[in-house]
file model_31.cif (mmCIF, C-alpha atoms and all ligand atoms)
data_structure
#
loop_
_atom_site.label_atom_id
_atom_site.label_comp_id
_atom_site.auth_asym_id
_atom_site.auth_seq_id
_atom_site.Cartn_x
_atom_site.Cartn_y
_atom_site.Cartn_z
CA MET R 1 13.79 -26.27 -17.42
CA LEU R 2 11.36 -23.93 -15.71
CA PHE R 3 11.85 -22.59 -12.20
CA LEU R 4 8.41 -21.44 -11.22
CA LYS R 5 8.92 -21.29 -7.50
CA LYS R 6 11.51 -18.55 -7.22
CA LEU R 7 13.12 -16.79 -4.29
CA ALA R 8 11.25 -13.50 -3.99
CA GLU R 9 12.66 -9.98 -3.87
CA LEU R 10 11.63 -7.18 -1.48
CA TRP R 11 11.21 -9.11 1.77
CA GLU R 12 13.07 -9.51 5.03
CA PRO R 13 13.10 -11.79 8.07
CA ILE R 14 11.11 -10.33 10.93
CA GLY R 15 10.94 -11.13 14.63
CA SER R 16 13.15 -13.77 16.23
CA ILE R 17 15.36 -16.15 14.26
CA GLU R 18 13.45 -19.10 15.72
CA ASN R 19 10.01 -18.09 14.45
CA ASN R 20 11.23 -17.82 10.81
CA LYS R 21 8.64 -15.16 9.98
CA VAL R 22 9.16 -12.87 6.99
CA GLN R 23 7.67 -9.58 5.87
CA CYS R 24 6.83 -9.07 2.19
CA LYS R 25 7.29 -5.50 0.95
CA VAL R 26 5.89 -5.82 -2.56
CA CYS R 27 2.56 -4.19 -1.86
CA SER R 28 1.01 -2.05 0.84
CA HIS R 29 -0.37 -5.01 2.76
CA TYR R 30 3.19 -5.57 4.03
CA CYS R 31 2.15 -9.11 5.00
CA ILE R 32 3.94 -10.77 7.87
CA ILE R 33 4.02 -14.44 6.91
CA SER R 34 4.74 -17.48 9.10
CA PRO R 35 6.49 -20.58 7.74
CA GLY R 36 4.21 -22.66 5.52
CA LYS R 37 1.79 -19.74 5.03
CA ARG R 38 1.08 -17.39 2.13
CA GLY R 39 0.46 -13.67 1.98
CA PHE R 40 -2.89 -11.99 1.29
CA CYS R 41 -2.42 -12.45 -2.49
CA ASN R 42 -1.93 -16.19 -2.08
CA SER R 43 0.93 -16.21 -4.54
CA ARG R 44 3.91 -15.75 -2.19
CA GLU R 45 4.82 -18.31 0.43
CA ASN R 46 7.18 -18.51 3.37
CA ILE R 47 9.16 -21.73 2.93
CA ASP R 48 11.52 -22.40 5.85
CA GLY R 49 12.01 -18.72 6.62
CA LYS R 50 12.45 -17.52 3.04
CA LEU R 51 9.84 -15.89 0.83
CA TYR R 52 9.13 -17.48 -2.55
CA THR R 53 7.00 -16.29 -5.44
CA LEU R 54 4.92 -19.23 -6.69
CA ASN R 55 3.84 -17.94 -10.09
CA TYR R 56 7.06 -16.85 -11.76
CA GLY R 57 6.44 -17.55 -15.47
CA SER R 58 2.93 -18.88 -14.84
CA CYS R 59 0.58 -17.14 -17.25
CA ILE R 60 -3.12 -17.56 -17.96
CA SER R 61 -2.32 -17.95 -21.70
CA HIS R 62 0.43 -17.35 -24.26
CA GLY R 63 -0.61 -13.68 -24.29
CA SER R 64 -2.87 -11.66 -26.56
CA THR R 65 -2.54 -8.63 -28.79
CA ASP R 66 -4.77 -5.81 -27.55
CA PRO R 67 -5.35 -2.27 -28.78
CA ILE R 68 -3.54 -0.04 -26.29
CA GLU R 69 -6.83 1.86 -25.93
CA LYS R 70 -8.25 -1.24 -24.22
CA LYS R 71 -5.96 -0.79 -21.17
CA PRO R 72 -7.15 2.06 -21.37
CA LEU R 73 -4.22 4.27 -22.36
CA TYR R 74 -5.20 7.01 -24.82
CA HIS R 75 -2.09 9.20 -24.75
CA PHE R 76 0.67 6.60 -24.95
CA TYR R 77 1.58 5.42 -28.45
CA PRO R 78 -2.04 5.85 -29.63
CA GLY R 79 -3.17 3.37 -32.25
CA SER R 80 -0.49 0.83 -31.30
CA ASN R 81 -0.97 -2.67 -29.94
CA ALA R 82 0.06 -3.98 -26.53
CA PHE R 83 1.06 -7.59 -25.92
CA SER R 84 -1.01 -8.48 -22.86
CA ILE R 85 -0.08 -11.07 -20.26
CA ALA R 86 -1.43 -12.03 -16.85
CA THR R 87 -1.13 -14.50 -14.03
CA VAL R 88 -3.53 -15.37 -11.19
CA GLY R 89 -4.06 -13.74 -7.80
CA CYS R 90 -4.76 -10.26 -6.48
CA SER R 91 -3.99 -7.91 -3.62
CA PHE R 92 -7.63 -6.73 -3.53
CA ARG R 93 -10.94 -8.54 -2.93
CA CYS R 94 -13.28 -6.33 -4.97
CA LYS R 95 -16.87 -7.53 -4.73
CA HIS R 96 -17.47 -6.39 -8.30
CA CYS R 97 -14.32 -7.90 -9.85
CA GLN R 98 -14.83 -8.49 -13.56
CA ASN R 99 -11.90 -10.93 -13.74
CA TRP R 100 -12.60 -12.72 -10.45
CA ASN R 101 -11.69 -16.16 -11.82
CA ILE R 102 -8.07 -15.04 -12.37
CA GLY R 103 -8.03 -12.38 -9.63
CA PRO R 104 -9.37 -12.50 -6.08
CA SER R 105 -10.69 -16.05 -6.31
CA ALA R 106 -7.68 -17.65 -7.98
CA TYR R 107 -4.30 -18.73 -6.70
CA PRO R 108 -1.43 -20.90 -7.98
CA ASP R 109 -0.92 -24.40 -6.60
CA LYS R 110 2.38 -25.12 -4.85
CA ASP R 111 4.26 -25.56 -8.16
CA GLY R 112 2.61 -22.67 -10.02
CA ILE R 113 1.28 -25.09 -12.64
CA VAL R 114 -2.43 -25.11 -11.87
CA ALA R 115 -4.65 -22.20 -10.88
CA LYS R 116 -7.08 -23.16 -8.15
CA ILE R 117 -10.27 -21.38 -7.17
CA PHE R 118 -11.20 -20.66 -3.56
CA LYS R 119 -13.58 -23.23 -2.17
CA LYS R 120 -16.49 -20.84 -1.74
CA ASP R 121 -16.30 -20.08 -5.46
CA GLU R 122 -16.20 -23.70 -6.58
CA ASN R 123 -19.65 -23.38 -8.07
CA TYR R 124 -18.35 -20.82 -10.51
CA ALA R 125 -15.10 -22.25 -11.88
CA GLN R 126 -12.87 -25.28 -11.94
CA PRO R 127 -9.08 -25.27 -11.53
CA PHE R 128 -7.23 -24.69 -14.80
CA LYS R 129 -3.72 -25.28 -16.06
CA LEU R 130 -1.41 -22.30 -16.30
CA THR R 131 0.78 -21.69 -19.35
CA GLN R 132 4.51 -21.52 -18.69
CA MET R 133 6.47 -18.73 -20.37
CA MET R 134 9.82 -17.27 -19.41
CA PRO R 135 10.70 -13.58 -19.98
CA ASP R 136 12.60 -14.26 -23.24
CA GLU R 137 9.59 -15.97 -24.76
CA VAL R 138 7.23 -13.14 -23.76
CA VAL R 139 9.51 -10.58 -25.41
CA THR R 140 9.94 -12.70 -28.55
CA ARG R 141 6.19 -13.14 -28.87
CA ALA R 142 5.58 -9.41 -28.34
CA LYS R 143 8.12 -8.56 -31.03
CA LYS R 144 6.68 -11.08 -33.46
CA ALA R 145 3.20 -9.65 -32.89
CA ASN R 146 4.58 -6.19 -33.75
CA CYS R 147 3.53 -4.80 -30.38
CA LYS R 148 4.99 -1.50 -29.22
CA SER R 149 4.53 -2.51 -25.59
CA ILE R 150 3.95 -5.33 -23.13
CA ALA R 151 1.02 -4.81 -20.79
CA TYR R 152 0.91 -6.56 -17.41
CA THR R 153 -2.83 -6.61 -17.01
CA TYR R 154 -6.13 -8.42 -16.32
CA ASN R 155 -5.17 -9.53 -12.80
CA GLU R 156 -3.26 -7.24 -10.42
CA PRO R 157 0.32 -7.23 -11.75
CA THR R 158 2.11 -6.06 -8.60
CA ILE R 159 1.97 -9.53 -7.05
CA TRP R 160 4.03 -10.74 -10.06
CA PHE R 161 6.84 -8.32 -9.29
CA GLU R 162 9.88 -10.50 -10.05
CA PHE R 163 8.55 -11.83 -13.34
CA ILE R 164 7.53 -8.37 -14.51
CA LYS R 165 10.94 -6.96 -13.62
CA ASP R 166 12.86 -9.65 -15.53
CA THR R 167 10.53 -9.43 -18.54
CA ALA R 168 10.46 -5.63 -18.62
CA LEU R 169 14.25 -5.32 -18.50
CA LYS R 170 14.56 -7.71 -21.45
CA ALA R 171 11.81 -5.86 -23.30
CA LYS R 172 13.64 -2.56 -22.86
CA GLU R 173 16.68 -4.03 -24.61
CA LYS R 174 14.43 -4.66 -27.65
CA ASP R 175 12.87 -1.18 -27.50
CA ILE R 176 9.53 -2.52 -26.28
CA LYS R 177 7.74 -0.38 -23.69
CA ASN R 178 6.23 -1.72 -20.46
CA ILE R 179 2.78 -0.95 -19.08
CA LEU R 180 1.13 -1.66 -15.73
CA VAL R 181 -2.64 -1.81 -15.49
CA THR R 182 -2.84 -1.68 -11.74
CA ASN R 183 -4.87 -1.00 -8.62
CA GLY R 184 -1.98 1.18 -7.41
CA TYR R 185 -1.62 -0.64 -4.08
CA SER R 186 2.05 -1.35 -4.72
CA SER R 187 4.48 -0.40 -1.96
CA ARG R 188 6.99 2.43 -1.93
CA GLU R 189 9.71 -0.24 -2.21
CA SER R 190 8.32 -1.82 -5.38
CA ASN R 191 7.44 1.56 -6.89
CA GLU R 192 11.09 2.60 -6.49
CA GLU R 193 11.89 -0.38 -8.72
CA TYR R 194 8.98 -0.01 -11.16
CA ILE R 195 10.03 3.48 -12.19
CA LYS R 196 13.25 1.98 -13.58
CA PHE R 197 11.48 -0.15 -16.18
CA ILE R 198 7.78 0.79 -16.39
CA ASP R 199 6.93 3.43 -19.00
CA ALA R 200 3.19 3.87 -18.46
CA ALA R 201 0.52 2.95 -15.95
CA ASN R 202 -3.22 3.00 -15.88
CA ILE R 203 -4.12 3.28 -12.22
CA ASP R 204 -7.61 2.41 -11.01
CA PHE R 205 -9.26 4.76 -8.54
CA LYS R 206 -12.03 2.47 -7.28
CA ALA R 207 -13.66 5.42 -5.51
CA PHE R 208 -12.44 8.47 -3.62
CA ASN R 209 -13.06 7.46 -0.03
CA ASP R 210 -11.66 4.93 2.40
CA SER R 211 -15.01 3.45 3.38
CA PHE R 212 -15.58 2.18 -0.20
CA TYR R 213 -12.11 0.63 -0.14
CA ASP R 214 -12.89 -0.94 3.21
CA LYS R 215 -16.38 -2.24 2.34
CA ILE R 216 -16.07 -3.16 -1.36
CA VAL R 217 -12.34 -3.62 -2.01
CA GLY R 218 -11.17 -5.21 1.23
CA VAL R 219 -8.33 -2.85 2.20
CA PRO R 220 -8.51 -0.14 4.86
CA SER R 221 -7.37 2.91 2.90
CA MET R 222 -6.79 4.24 -0.60
CA GLN R 223 -3.83 6.38 0.49
CA PRO R 224 -1.26 3.95 -1.00
CA VAL R 225 -3.07 4.25 -4.37
CA LEU R 226 -2.78 8.03 -4.26
CA ASP R 227 0.86 7.78 -3.21
CA THR R 228 1.67 5.41 -6.09
CA SER R 229 -0.03 7.69 -8.64
CA GLU R 230 1.79 10.78 -7.44
CA PHE R 231 5.15 9.04 -7.16
CA MET R 232 4.99 7.48 -10.62
CA LYS R 233 3.91 10.72 -12.24
CA LYS R 234 6.71 12.67 -10.52
CA LYS R 235 9.26 10.10 -11.65
CA GLY R 236 8.29 10.36 -15.31
CA VAL R 237 5.97 7.38 -15.76
CA HIS R 238 3.05 8.24 -18.07
CA VAL R 239 -0.04 7.95 -15.83
CA GLU R 240 -3.71 7.69 -16.77
CA ILE R 241 -6.52 7.15 -14.24
CA THR R 242 -9.63 4.99 -14.51
CA ASN R 243 -12.71 5.37 -12.32
CA LEU R 244 -15.51 2.80 -12.59
CA ILE R 245 -18.76 4.41 -11.48
CA ILE R 246 -21.09 2.05 -9.58
CA PRO R 247 -24.64 3.27 -8.88
CA LYS R 248 -25.31 3.83 -5.16
CA GLU R 249 -21.73 2.98 -4.20
CA ASN R 250 -19.40 5.66 -5.60
CA ASP R 251 -21.56 7.85 -7.86
CA ASP R 252 -21.80 10.88 -5.58
CA LEU R 253 -20.89 13.90 -7.68
CA HIS R 254 -19.39 15.77 -4.71
CA GLU R 255 -17.01 12.90 -4.20
CA ILE R 256 -16.19 12.72 -7.91
CA ARG R 257 -15.49 16.46 -7.86
CA SER R 258 -13.07 15.95 -4.96
CA MET R 259 -11.30 13.23 -6.93
CA VAL R 260 -11.00 15.43 -10.00
CA LYS R 261 -9.60 18.28 -7.89
CA TRP R 262 -7.06 15.92 -6.37
CA ILE R 263 -5.98 14.72 -9.82
CA ILE R 264 -5.55 18.29 -11.08
CA LYS R 265 -3.56 19.32 -8.01
CA HIS R 266 -1.34 16.24 -7.65
CA LEU R 267 -1.05 14.77 -11.15
CA GLY R 268 -1.81 17.75 -13.37
CA ALA R 269 -4.74 18.97 -15.46
CA ASP R 270 -3.36 17.15 -18.50
CA THR R 271 -3.75 13.71 -16.89
CA PRO R 272 -6.22 11.56 -18.87
CA LEU R 273 -9.17 10.38 -16.76
CA HIS R 274 -11.41 7.51 -17.94
CA PHE R 275 -14.87 7.21 -16.42
CA SER R 276 -16.09 3.71 -16.98
CA ALA R 277 -19.54 2.12 -16.82
CA TYR R 278 -20.14 -0.76 -14.41
CA HIS R 279 -22.20 -3.86 -15.06
CA PRO R 280 -23.15 -6.44 -12.39
CA SER R 281 -20.37 -8.95 -11.78
CA TYR R 282 -19.14 -11.45 -9.18
CA ARG R 283 -20.69 -10.63 -5.78
CA LEU R 284 -22.07 -7.17 -6.46
CA LYS R 285 -25.49 -6.99 -8.08
CA ASN R 286 -26.13 -3.24 -8.27
CA PRO R 287 -27.80 -2.11 -11.52
CA ARG R 288 -25.69 -0.99 -14.50
CA THR R 289 -24.41 2.59 -14.55
CA PRO R 290 -27.02 4.83 -16.22
CA PRO R 291 -25.40 6.87 -19.05
CA LYS R 292 -26.62 10.09 -17.37
CA ILE R 293 -24.39 9.55 -14.31
CA LEU R 294 -21.39 8.95 -16.53
CA LYS R 295 -22.10 12.04 -18.60
CA ASP R 296 -22.64 14.20 -15.50
CA ALA R 297 -19.27 13.07 -14.13
CA TRP R 298 -17.61 13.70 -17.50
CA LYS R 299 -19.04 17.23 -17.74
CA LEU R 300 -18.13 18.02 -14.14
CA ALA R 301 -14.51 16.94 -14.66
CA LYS R 302 -14.18 19.14 -17.74
CA GLU R 303 -15.77 22.10 -15.94
CA GLU R 304 -13.24 21.69 -13.14
CA GLY R 305 -10.45 22.06 -15.70
CA LEU R 306 -9.32 18.51 -16.42
CA GLN R 307 -8.31 18.64 -20.08
CA TYR R 308 -8.65 15.05 -21.26
CA VAL R 309 -11.69 13.26 -19.88
CA PHE R 310 -13.15 10.14 -21.45
CA MET R 311 -16.08 7.76 -21.02
CA GLY R 312 -15.86 4.05 -21.66
CA ASN R 313 -17.73 0.74 -21.50
CA PHE R 314 -20.83 2.09 -23.22
CA LEU R 315 -21.73 3.39 -26.66
CA SER R 316 -21.73 7.16 -26.97
CA ASP R 317 -21.00 9.78 -29.61
CA GLU R 318 -19.00 11.84 -27.14
CA GLY R 319 -16.34 11.21 -24.56
CA GLY R 320 -14.13 8.99 -26.73
CA SER R 321 -12.01 11.52 -28.58
CA THR R 322 -8.97 13.57 -27.66
CA VAL R 323 -10.01 17.19 -28.20
CA CYS R 324 -7.65 20.18 -28.24
CA PRO R 325 -8.12 22.08 -24.94
CA GLN R 326 -7.22 25.34 -26.68
CA CYS R 327 -9.32 25.39 -29.88
CA ASN R 328 -11.67 22.41 -29.37
CA THR R 329 -10.57 20.64 -32.56
CA ASN R 330 -11.03 16.88 -32.66
CA ILE R 331 -7.46 15.56 -32.53
CA ILE R 332 -7.88 11.77 -32.26
CA GLU R 333 -11.25 10.20 -32.85
CA ARG R 334 -12.06 6.83 -31.31
CA ILE R 335 -14.97 4.62 -32.26
CA GLY R 336 -14.70 1.58 -30.05
CA TYR R 337 -11.08 0.52 -30.56
CA HIS R 338 -10.91 2.10 -34.02
CA THR R 339 -8.56 5.08 -33.69
CA ILE R 340 -8.39 7.80 -36.34
CA ASN R 341 -5.88 10.62 -36.49
CA ARG R 342 -7.94 13.73 -37.32
CA ASN R 343 -5.58 16.56 -36.45
CA LEU R 344 -2.45 15.36 -34.65
CA THR R 345 0.82 16.53 -36.21
CA ILE R 346 3.98 14.42 -36.15
CA GLU R 347 5.21 16.66 -33.29
CA ASN R 348 2.06 15.71 -31.32
CA LYS R 349 0.56 19.19 -31.71
CA CYS R 350 -2.94 20.29 -32.63
CA GLY R 351 -3.00 20.62 -36.43
CA GLN R 352 -5.24 23.69 -36.16
CA CYS R 353 -3.76 25.89 -33.43
CA GLY R 354 -0.39 24.26 -32.65
CA PHE R 355 -1.22 23.48 -29.00
CA LYS R 356 1.12 20.77 -27.69
CA ILE R 357 -0.86 17.63 -26.79
CA PRO R 358 0.96 15.66 -24.04
CA ILE R 359 1.01 12.38 -25.92
CA ILE R 360 3.96 10.01 -25.46
CA GLY R 361 5.17 8.34 -28.66
CA LYS R 362 3.92 8.55 -32.19
CA PHE R 363 0.43 7.79 -33.46
CA SER R 364 0.25 4.58 -35.48
CA GLN R 365 -2.53 2.77 -37.25
CA GLU R 366 -2.01 -0.87 -36.35
CA LYS R 367 -4.32 -3.54 -37.68
CA ARG R 368 -7.13 -4.45 -35.29
CA SER R 369 -9.26 -7.51 -35.79
CA PHE R 370 -12.20 -6.04 -33.85
CA LEU R 371 -13.74 -2.67 -33.19
CA PHE R 372 -15.23 -3.24 -29.73
S1 LIG A 401 2.50 -9.02 -2.59
FE1 LIG A 401 1.27 -7.91 -1.07
S2 LIG A 401 -0.40 -9.31 -0.58
FE2 LIG A 401 1.19 -10.54 -1.58
S3 LIG A 401 2.43 -11.33 0.12
FE3 LIG A 401 3.39 -9.43 -0.57
S4 LIG A 401 2.57 -7.82 0.77
FE4 LIG A 401 1.20 -9.62 0.94
#
call {"tool": "encode", "arguments": {"input": "model_31.cif", "output": "C-alpha cells", "more": "lines below"}}
Ligand code: SF4
result
Amino acid sequence: MLFLKKLAELWEPIGSIENNKVQCKVCSHYCIISPGKRGFCNSRENIDGKLYTLNYGSCISHGSTDPIEKKPLYHFYPGSNAFSIATVGCSFRCKHCQNWNIGPSAYPDKDGIVAKIFKKDENYAQPFKLTQMMPDEVVTRAKKANCKSIAYTYNEPTIWFEFIKDTALKAKEKDIKNILVTNGYSSRESNEEYIKFIDAANIDFKAFNDSFYDKIVGVPSMQPVLDTSEFMKKKGVHVEITNLIIPKENDDLHEIRSMVKWIIKHLGADTPLHFSAYHPSYRLKNPRTPPKILKDAWKLAKEEGLQYVFMGNFLSDEGGSTVCPQCNTNIIERIGYHTINRNLTIENKCGQCGFKIPIIGKFSQEKRSFLF
C-alpha cells in the first residue's frame, strides 16, 4: 500500500494554537501556511495544523538512465550513468523554464496521483497520471540499470525532501551515490540534512544579481543560492555550477566576471563551471544565445583563473573537454555525451605531467544509447 500524503519534516506550528498555522522550513521561502492551504511550491499542504508532503513517491515516470554528463556533472564519476527521477512542482517561477510542465506550472492533486497544470497554462498541457514508486523500488531499479548514482533532477528536487532523504539513505546502503540538480534555494535546515546523504550537486546560478531573480525567477534574492553552494562545498559535497546565458537578460560580461570571481573566492578555482546556451521556452521569447557570447564568457572565466570551464547546449569543438591546468593536455574529451579518457591516470592525475585533477570517483565507459 502506498502512502503518498505523508507527514512532512522540517516544519513547526507558528502563531497561536487556534489559528493552526505552520511554517515550512524546507526551502528559503519559509512559507507560513494556513489550514487547507499549500506553500509556494504547491506540493506541501497544511491539513488541520500539520504539514503534509503530497508527492511522496509520486514520480513523473519509472526513471531513466542518463549520462552523468547530462546533469551536467563532469568531475564526478565521469563516464558513468545516473538513474534520474523527478516529481512535479517547483520553488521558482522561471519565465524561461524548459521543464515548465513538470515544474512551475505543475502540482500534485490532493492524493499525489495526478499532476495538474495551473489554469492559465491549460492551453499547453493536460493533467497526467503520476507513477508511484517507493524508495526501495527506485534503488532496485538504479542497481539493475547499473547506475553509479541516483539523480534527483528535472524539476526542483528540494520540494521532495522527505522522499529524497528516504531514497538516498537506502541508496547509500547499496553503495549508490546521490545527486541533486538544484536551483540552490534550499534552506539552511534542509542543507544540514542534505550533506548527510547527498554526494554531489549541480547548482544553477540563474544570473548574478537579485533583480534578475526578482523579475525572471520570482524570488527576491539569490543569496540563499550562494549560501547553499558555499555550505555544501565546505561540507564535502562535490559542487559544480551551471549558468544559462540569456541574451539581453544576464549576458553582461562585467556581471559574469563578478560571478566567476565569487566562485573562485568562495568555492575554489577548481570548481567546474558550465556555461549553457538558452533557447526560447515557456514565457520568455528572447533570441537564442549567440555562440560568441558563450565563448566570450568561457574565455573570460579562464582568464580570471577558473580551471575547469565548459560550454554546453550547442555544438562546438572547444569547451567540452577537461584540460590539465598545468600542461594543457586534453585529459577527458567529450563529444556530446560520448566521453573518452585521453590522459587520466587511475589516480585521477594528468598522464603527462602528474597534476592531480580534482575528480571524484573513477572514470568508466558505460554504454550510452545516444550521443547528444
Ligand atoms: S518547500 Fe519551500 S515553497 Fe514549498 S512549502 Fe516549503 S518553504 Fe514553501
call {"tool": "residues_near_point", "arguments": {"input": "model_31.cif", "point": "(12.9, -1.3, -11.2)", "cutoff": "10 Å", "atoms": "only C-alpha atoms", "output": "JSON, numbers by chain"}}
result
{"R": [161, 162, 164, 165, 166, 168, 169, 189, 190, 191, 192, 193, 194, 195, 196, 197, 198]}
call {"tool": "closest_residue", "arguments": {"input": "model_31.cif", "among": "R:Pro72, R:Thr242, R:Ile360, R:Arg93", "to": "Pro220 of chain R", "atoms": "all atoms listed in the file"}}
result
R:Arg93
call {"tool": "axis_aligned_box", "arguments": {"input": "model_31.cif", "around": "ligand LIG 401 (chain A)", "padding_each_side": "5 Å", "output": "AutoDock Vina command-line options"}}
result
--center_x 1.5 --center_y -9.6 --center_z -0.8 --size_x 13.8 --size_y 13.5 --size_z 13.5
call {"tool": "closest_atom_pairs", "arguments": {"input": "model_31.cif", "of": "chain R", "to": "ligand LIG 401 (chain A)", "cutoff": "9 Å", "atoms": "only C-alpha atoms and all ligand atoms", "output": "JSON lines"}}
result
{"residue": "R:Leu10", "atom": "CA", "partner": "A:LIG401", "partner_atom": "FE3", "distance": 8.6}
{"residue": "R:Trp11", "atom": "CA", "partner": "A:LIG401", "partner_atom": "FE3", "distance": 8.2}
{"residue": "R:Gln23", "atom": "CA", "partner": "A:LIG401", "partner_atom": "S4", "distance": 7.4}
{"residue": "R:Cys24", "atom": "CA", "partner": "A:LIG401", "partner_atom": "FE3", "distance": 4.4}
{"residue": "R:Lys25", "atom": "CA", "partner": "A:LIG401", "partner_atom": "S4", "distance": 5.3}
{"residue": "R:Val26", "atom": "CA", "partner": "A:LIG401", "partner_atom": "S1", "distance": 4.7}
{"residue": "R:Cys27", "atom": "CA", "partner": "A:LIG401", "partner_atom": "FE1", "distance": 4.0}
{"residue": "R:Ser28", "atom": "CA", "partner": "A:LIG401", "partner_atom": "S4", "distance": 6.0}
{"residue": "R:His29", "atom": "CA", "partner": "A:LIG401", "partner_atom": "S4", "distance": 4.5}
{"residue": "R:Tyr30", "atom": "CA", "partner": "A:LIG401", "partner_atom": "S4", "distance": 4.0}
{"residue": "R:Cys31", "atom": "CA", "partner": "A:LIG401", "partner_atom": "FE4", "distance": 4.2}
{"residue": "R:Ile32", "atom": "CA", "partner": "A:LIG401", "partner_atom": "FE4", "distance": 7.5}
{"residue": "R:Ile33", "atom": "CA", "partner": "A:LIG401", "partner_atom": "S3", "distance": 7.6}
{"residue": "R:Arg38", "atom": "CA", "partner": "A:LIG401", "partner_atom": "S3", "distance": 6.5}
{"residue": "R:Gly39", "atom": "CA", "partner": "A:LIG401", "partner_atom": "S3", "distance": 3.6}
{"residue": "R:Phe40", "atom": "CA", "partner": "A:LIG401", "partner_atom": "S2", "distance": 4.1}
{"residue": "R:Cys41", "atom": "CA", "partner": "A:LIG401", "partner_atom": "FE2", "distance": 4.2}
{"residue": "R:Asn42", "atom": "CA", "partner": "A:LIG401", "partner_atom": "FE2", "distance": 6.5}
{"residue": "R:Ser43", "atom": "CA", "partner": "A:LIG401", "partner_atom": "FE2", "distance": 6.4}
{"residue": "R:Arg44", "atom": "CA", "partner": "A:LIG401", "partner_atom": "S3", "distance": 5.2}
{"residue": "R:Glu45", "atom": "CA", "partner": "A:LIG401", "partner_atom": "S3", "distance": 7.4}
{"residue": "R:Leu51", "atom": "CA", "partner": "A:LIG401", "partner_atom": "S3", "distance": 8.7}
{"residue": "R:Thr53", "atom": "CA", "partner": "A:LIG401", "partner_atom": "S3", "distance": 8.7}
{"residue": "R:Gly89", "atom": "CA", "partner": "A:LIG401", "partner_atom": "FE2", "distance": 8.7}
{"residue": "R:Cys90", "atom": "CA", "partner": "A:LIG401", "partner_atom": "S2", "distance": 7.4}
{"residue": "R:Ser91", "atom": "CA", "partner": "A:LIG401", "partner_atom": "S2", "distance": 4.9}
{"residue": "R:Phe92", "atom": "CA", "partner": "A:LIG401", "partner_atom": "S2", "distance": 8.2}
{"residue": "R:Thr158", "atom": "CA", "partner": "A:LIG401", "partner_atom": "S1", "distance": 6.7}
{"residue": "R:Ile159", "atom": "CA", "partner": "A:LIG401", "partner_atom": "S1", "distance": 4.5}
{"residue": "R:Trp160", "atom": "CA", "partner": "A:LIG401", "partner_atom": "S1", "distance": 7.8}
{"residue": "R:Phe161", "atom": "CA", "partner": "A:LIG401", "partner_atom": "S1", "distance": 8.0}
{"residue": "R:Tyr185", "atom": "CA", "partner": "A:LIG401", "partner_atom": "FE1", "distance": 8.4}
{"residue": "R:Ser186", "atom": "CA", "partner": "A:LIG401", "partner_atom": "FE1", "distance": 7.5}
{"residue": "R:Ser187", "atom": "CA", "partner": "A:LIG401", "partner_atom": "S4", "distance": 8.1}
call {"tool": "atom_distance", "arguments": {"input": "model_31.cif", "atom1": "atom CA of Ile216 of chain R", "atom2": "atom CA of Ala200 of chain R"}}
result
26.7 Å
call {"tool": "atom_distance", "arguments": {"input": "model_31.cif", "atom1": "atom CA of Gly320 of chain R", "atom2": "atom CA of Cys147 of chain R"}}
result
22.7 Å
call {"tool": "closest_residue", "arguments": {"input": "model_31.cif", "among": "R:His266, R:Lys261, R:Lys21, R:Lys248", "to": "Ser229 of chain R", "atoms": "all atoms listed in the file"}}
result
R:His266
